[in-house]
Each structure stands twice: as C-alpha cells, then as structure tokens.
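Shown next: target_8.tsv, containing TSV, C-alpha atoms.
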```tsv
chain	number	residue	atom	x	y	z
A	1	MET	CA	5.08	23.76	9.63
A	2	GLU	CA	8.78	23.26	9.05
A	3	THR	CA	8.68	19.98	11.00
A	4	LEU	CA	5.88	18.71	8.75
A	5	GLU	CA	7.93	19.62	5.67
A	6	GLN	CA	10.95	17.76	7.04
A	7	GLN	CA	8.89	14.67	7.87
A	8	ILE	CA	7.29	14.70	4.40
A	9	ASP	CA	10.70	15.02	2.73
A	10	GLN	CA	12.12	12.19	4.85
A	11	MET	CA	9.28	9.78	3.99
A	12	GLU	CA	9.29	10.70	0.29
A	13	LYS	CA	12.93	9.61	-0.01
A	14	SER	CA	11.79	5.97	0.11
A	15	LEU	CA	8.74	6.40	-2.15
A	16	LYS	CA	8.45	6.18	-5.91
A	17	PRO	CA	7.32	9.42	-7.55
A	18	LEU	CA	3.61	9.43	-8.36
A	19	GLN	CA	2.64	9.04	-12.02
A	20	HIS	CA	-1.13	8.95	-11.37
A	21	PHE	CA	-3.61	9.79	-8.69
A	22	ILE	CA	-3.92	6.89	-6.26
A	23	LEU	CA	-6.92	5.42	-4.51
A	24	PRO	CA	-7.03	5.80	-0.72
A	25	GLN	CA	-6.52	2.20	0.38
A	26	GLY	CA	-3.99	-0.15	1.87
A	27	THR	CA	-3.21	-1.48	5.30
A	28	PRO	CA	-5.44	-0.48	8.23
A	29	CYS	CA	-2.86	2.04	9.43
A	30	ALA	CA	-2.58	3.57	5.95
A	31	ALA	CA	-6.36	3.72	5.68
A	32	PHE	CA	-6.50	5.72	8.92
A	33	ALA	CA	-3.86	8.09	7.55
A	34	HIS	CA	-6.01	8.56	4.42
A	35	LEU	CA	-8.97	9.23	6.71
A	36	GLY	CA	-6.90	11.82	8.62
A	37	ARG	CA	-6.12	13.49	5.29
A	38	ALA	CA	-9.83	13.65	4.40
A	39	VAL	CA	-10.64	15.21	7.78
A	40	CYS	CA	-7.87	17.80	7.28
A	41	ARG	CA	-9.19	18.67	3.82
A	42	ARG	CA	-12.70	19.12	5.21
A	43	ALA	CA	-11.37	21.35	8.01
A	44	GLU	CA	-9.39	23.35	5.45
A	45	ARG	CA	-12.53	23.97	3.36
A	46	ARG	CA	-14.44	25.09	6.45
A	47	VAL	CA	-11.62	27.42	7.54
A	48	VAL	CA	-11.58	29.00	4.07
A	49	ALA	CA	-15.35	29.50	4.28
A	50	LEU	CA	-15.01	30.97	7.78
A	51	ASP	CA	-12.27	33.30	6.54
A	52	SER	CA	-14.80	35.00	4.25
A	53	HIS	CA	-16.76	36.03	7.38
A	54	GLU	CA	-14.01	36.39	9.98
A	55	LYS	CA	-10.47	37.43	9.10
A	56	LEU	CA	-8.13	34.58	10.09
A	57	SER	CA	-4.40	34.18	10.02
A	58	PRO	CA	-3.26	32.85	6.61
A	59	LEU	CA	-1.12	30.34	8.51
A	60	ILE	CA	-4.19	28.31	9.53
A	61	PRO	CA	-5.29	27.10	6.06
A	62	ALA	CA	-1.64	26.75	5.00
A	63	TYR	CA	-0.95	24.52	8.02
A	64	LEU	CA	-4.05	22.39	7.40
A	65	ASN	CA	-3.00	21.99	3.77
A	66	ARG	CA	0.48	20.79	4.72
A	67	LEU	CA	-0.97	18.54	7.44
A	68	SER	CA	-3.21	16.84	4.88
A	69	ASP	CA	-0.16	16.44	2.59
A	70	PHE	CA	1.67	14.86	5.53
A	71	PHE	CA	-1.14	12.35	6.07
A	72	PHE	CA	-1.16	11.50	2.35
A	73	VAL	CA	2.59	10.83	2.28
A	74	LEU	CA	2.33	8.98	5.60
A	75	ALA	CA	-0.32	6.67	4.11
A	76	ARG	CA	1.91	5.92	1.10
A	77	TRP	CA	4.94	5.38	3.36
A	78	VAL	CA	3.05	3.05	5.73
A	79	ASN	CA	1.74	1.05	2.77
A	80	ARG	CA	5.30	0.66	1.50
A	81	GLN	CA	6.58	-0.39	4.94
A	82	GLU	CA	3.74	-2.85	5.57
A	83	GLY	CA	3.42	-4.22	2.04
A	84	GLY	CA	0.08	-2.56	1.31
A	85	THR	CA	-1.22	-1.88	-2.16
A	86	GLU	CA	-1.19	1.38	-4.05
A	87	THR	CA	-3.68	1.39	-6.92
A	88	ALA	CA	-3.57	4.10	-9.56
A	89	TRP	CA	-6.84	5.85	-10.30
A	90	ILE	CA	-7.46	5.77	-14.02
A	91	ASN	CA	-9.85	8.37	-15.32
A	92	PRO	CA	-12.68	6.50	-17.06
A	93	LEU	CA	-12.90	9.40	-19.50
A	94	GLY	CA	-9.18	9.25	-20.26
A	95	ASP	CA	-6.88	12.27	-20.53
A	96	PRO	CA	-8.99	15.48	-20.55
A	97	GLY	CA	-7.05	16.78	-23.58
A	98	ALA	CA	-7.33	13.53	-25.52
A	99	PRO	CA	-10.32	12.26	-27.47
A	100	GLN	CA	-12.89	10.71	-25.15
A	101	PRO	CA	-12.74	6.88	-25.09
A	102	ASP	CA	-15.90	4.90	-24.68
A	103	LYS	CA	-16.69	3.61	-21.20
A	104	LEU	CA	-16.15	0.01	-22.25
A	105	SER	CA	-12.55	0.74	-23.29
A	106	ALA	CA	-11.90	2.59	-20.04
A	107	SER	CA	-13.35	-0.29	-18.01
A	108	LEU	CA	-11.30	-2.84	-19.93
A	109	GLY	CA	-8.18	-0.76	-19.29
A	110	LYS	CA	-8.91	-0.71	-15.57
A	111	LEU	CA	-9.52	-4.47	-15.54
A	112	GLU	CA	-6.25	-5.13	-17.39
A	113	HIS	CA	-4.37	-2.98	-14.88
A	114	GLU	CA	-5.98	-4.80	-11.95
A	115	LYS	CA	-5.23	-8.18	-13.58
A	116	GLU	CA	-1.52	-7.30	-13.80
A	117	ARG	CA	-1.48	-6.13	-10.17
A	118	ARG	CA	-3.13	-9.35	-8.98
A	119	LYS	CA	-0.81	-11.46	-11.14
A	120	SER	CA	2.22	-9.97	-9.45
A	121	LEU	CA	0.56	-10.44	-6.05
A	122	PHE	CA	-0.12	-14.10	-6.90
A	123	GLU	CA	3.48	-14.61	-8.00
A	124	LYS	CA	4.77	-13.04	-4.78
A	125	THR	CA	2.49	-15.23	-2.66
A	126	SER	CA	3.49	-18.32	-4.61
A	127	GLU	CA	7.18	-17.58	-4.08
A	128	GLU	CA	6.60	-17.09	-0.35
A	129	LEU	CA	4.78	-20.43	-0.10
A	130	GLN	CA	7.59	-22.21	-1.95
A	131	LYS	CA	10.13	-20.71	0.47
A	132	LYS	CA	8.05	-21.80	3.47
A	133	LYS	CA	7.74	-25.30	2.03
A	134	ALA	CA	11.50	-25.54	1.47
A	135	GLU	CA	12.16	-24.26	5.00
A	136	ALA	CA	9.71	-26.79	6.50
A	137	GLU	CA	11.38	-29.63	4.59
A	138	ARG	CA	14.85	-28.45	5.68
A	139	ASN	CA	13.74	-28.26	9.33
A	140	PHE	CA	12.19	-31.70	9.09
A	141	ARG	CA	15.41	-33.19	7.65
A	142	GLN	CA	17.48	-31.49	10.35
A	143	ASN	CA	15.22	-32.89	13.07
A	144	VAL	CA	15.42	-36.38	11.57
A	145	ASP	CA	19.22	-36.13	11.35
A	146	GLN	CA	19.38	-34.96	14.99
A	147	ILE	CA	17.20	-37.87	16.17
A	148	ARG	CA	19.34	-40.37	14.27
A	149	LYS	CA	22.50	-38.76	15.64
A	150	GLU	CA	21.16	-39.21	19.16
A	151	GLY	CA	20.48	-42.90	18.47
A	152	GLY	CA	16.71	-42.77	18.08
A	153	LYS	CA	14.76	-44.43	15.35
A	154	VAL	CA	12.73	-42.52	12.85
A	155	GLU	CA	9.96	-44.36	11.15
A	156	LYS	CA	9.14	-43.53	7.59
A	157	PRO	CA	5.90	-41.56	7.38
A	158	VAL	CA	2.87	-43.50	6.21
A	159	ARG	CA	2.45	-41.03	3.35
A	160	GLU	CA	4.24	-37.91	2.21
A	161	ILE	CA	2.73	-34.70	3.48
A	162	ASP	CA	1.70	-32.38	0.70
A	163	LEU	CA	2.48	-28.81	1.76
A	164	ASP	CA	1.18	-27.15	-1.41
```

Since I need it in another form, could you write the structure as structure tokens?
Amino acid sequence: METLEQQIDQMEKSLKPLQHFILPQGTPCAAFAHLGRAVCRRAERRVVALDSHEKLSPLIPAYLNRLSDFFFVLARWVNRQEGGTETAWINPLGDPGAPQPDKLSASLGKLEHEKERRKSLFEKTSEELQKKKAEAERNFRQNVDQIRKEGGKVEKPVREIDLD
C-alpha cells in the first residue's frame, strides 16, 4: 500500500487541488482509469458485505480503497498529460446548506460553466491553427527561397491558398 501512496503523491504534485467533484471523462486512457476506479469501488463494497459474514483482514478493504484512489488520481494525471478535459460536477440543488435554487437556475449555471470551458477550448484551437498556418507559410517561403537559390524558377500560384 505504501507504493500506491507514493505513486499518488508523485502524480498529485503536478495536479491542481480539487475544488469540486469532477465527472469521470477525458481521454480514452483516463476513461479506462475511471472505469478501473469504479470496479475497485464495487469490489470494496462487496468485500465489506462479505466481511459481515466472514471475518477478513482489514487490509483488504483498505487496499481496495487506496487502489481506487490511485485510479482516480491516475485518470486526472493522464488527462493533464494528454490534454483531456476535467469538468466540475455542479450540484443541481446547489450547496446542501444553502437555500435550494430552482432547477432552471442550476441548469443555467451549468450551461454558463460549459460555455466558458468551450470558449477557452475554441481559443486554444484557434491559436494552434494560426501557428500551423504561420509555420506552413514559413516553410513555403523557405522552399521558394531554396529553389531560387539553386537557380530554378518559381511560378506565382494561380491563386492564394486559404489555410483558414
């Protein structure tokens, strides 16, 4: 169990602390880690039920609990490494201690949160496309310069290529 603790601690060093529960999603690898966590939790519940009939070592449920924690942190770590998403779960009923909001307000809050997440994703994608366009233009100019340097002729393109 000590090895699991060390691995969890190592991965958590590169992760932001959680402020909310998160939805189990992300890259395919992260999704499998979330699935592994769900299987561990199910096994843990069954071991606890079995323990009421057969006396088991207390290390078994403790190990399954830490293993499921490992899979959870692994999923978050993989998503961070592979650029996957991490979406906060927002309770539609709001904070249990706070006055209950109506479902419409909760849904609008979720939509606003998702809108902001998609906006940043769009901006990131747009920046990447602009970089690729600039790189393609730079490569094209370098190739043209190399052809001219070697004495070849370069004809002007019939029309400009739109890379957007």

Among the residues A:Leu74, A:Met1, A:Leu18, A:Ile8, the one that comes closest to His34 of chain A [using all atoms listed in the file]: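 Nearest to His34 of chain A: A:Leu74.
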
Rounded to one decimal place, report the atom CA of Arg46 of chain A-atom CA of Pro61 of chain A distance in Å.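 These two atoms are separated by 9.4 Å.
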
Using all atoms listed in the file, determine which residues lie at most 9 Å from Gly83 of chain A, disregarding the query and same-chain residues fewer than 3 positions distant; provide the list as a PDB file with C-alpha atoms, keeping the file's coordinate frame.
```
ATOM      1  CA  GLY A  26      -3.990  -0.150   1.870  1.00  0.00           C
ATOM      2  CA  THR A  27      -3.210  -1.480   5.300  1.00  0.00           C
ATOM      3  CA  VAL A  78       3.050   3.050   5.730  1.00  0.00           C
ATOM      4  CA  ASN A  79       1.740   1.050   2.770  1.00  0.00           C
ATOM      5  CA  ARG A  80       5.300   0.660   1.500  1.00  0.00           C
TER       6      ARG A  80
END
```

Enter the distance from atom CA of Glu127 of chain A to atom CA of Glu114 of chain A, in Å, rounded to one decimal. 20.0 Å

Mind giving me the straight-line distance from atom CA of Cys29 of chain A to atom CA of Arg66 of chain A in Å, one decimal? 19.6 Å

Please return as a ChimeraX atom specification every residue within 10 Å of (-7.4, 4.6, 0.3), taking into account only C-alpha atoms and the file's own coordinates. /A:22-28,30-35,72,75-76,85-87

Closest of A:Asp69, A:Glu82, A:Glu54, A:Asp145 to Glu5 of chain A - atom-to-atom distances counting only C-alpha atoms: A:Asp69

Looking at A:Asn65, A:Ser107, A:Gln81, A:Ser57, which one is nearest to Leu15 of chain A, with distances taken over only C-alpha atoms?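 Looking at the shortest contact to Leu15 of chain A, the residue is A:Gln81.
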
Taking (-3.5, 5.0, -11.1) in the file's coordinates as the center, which residues reach within 6 Å of it, counting all atoms listed in the file, put as a ChimeraX atom specification? /A:20-22,87-90
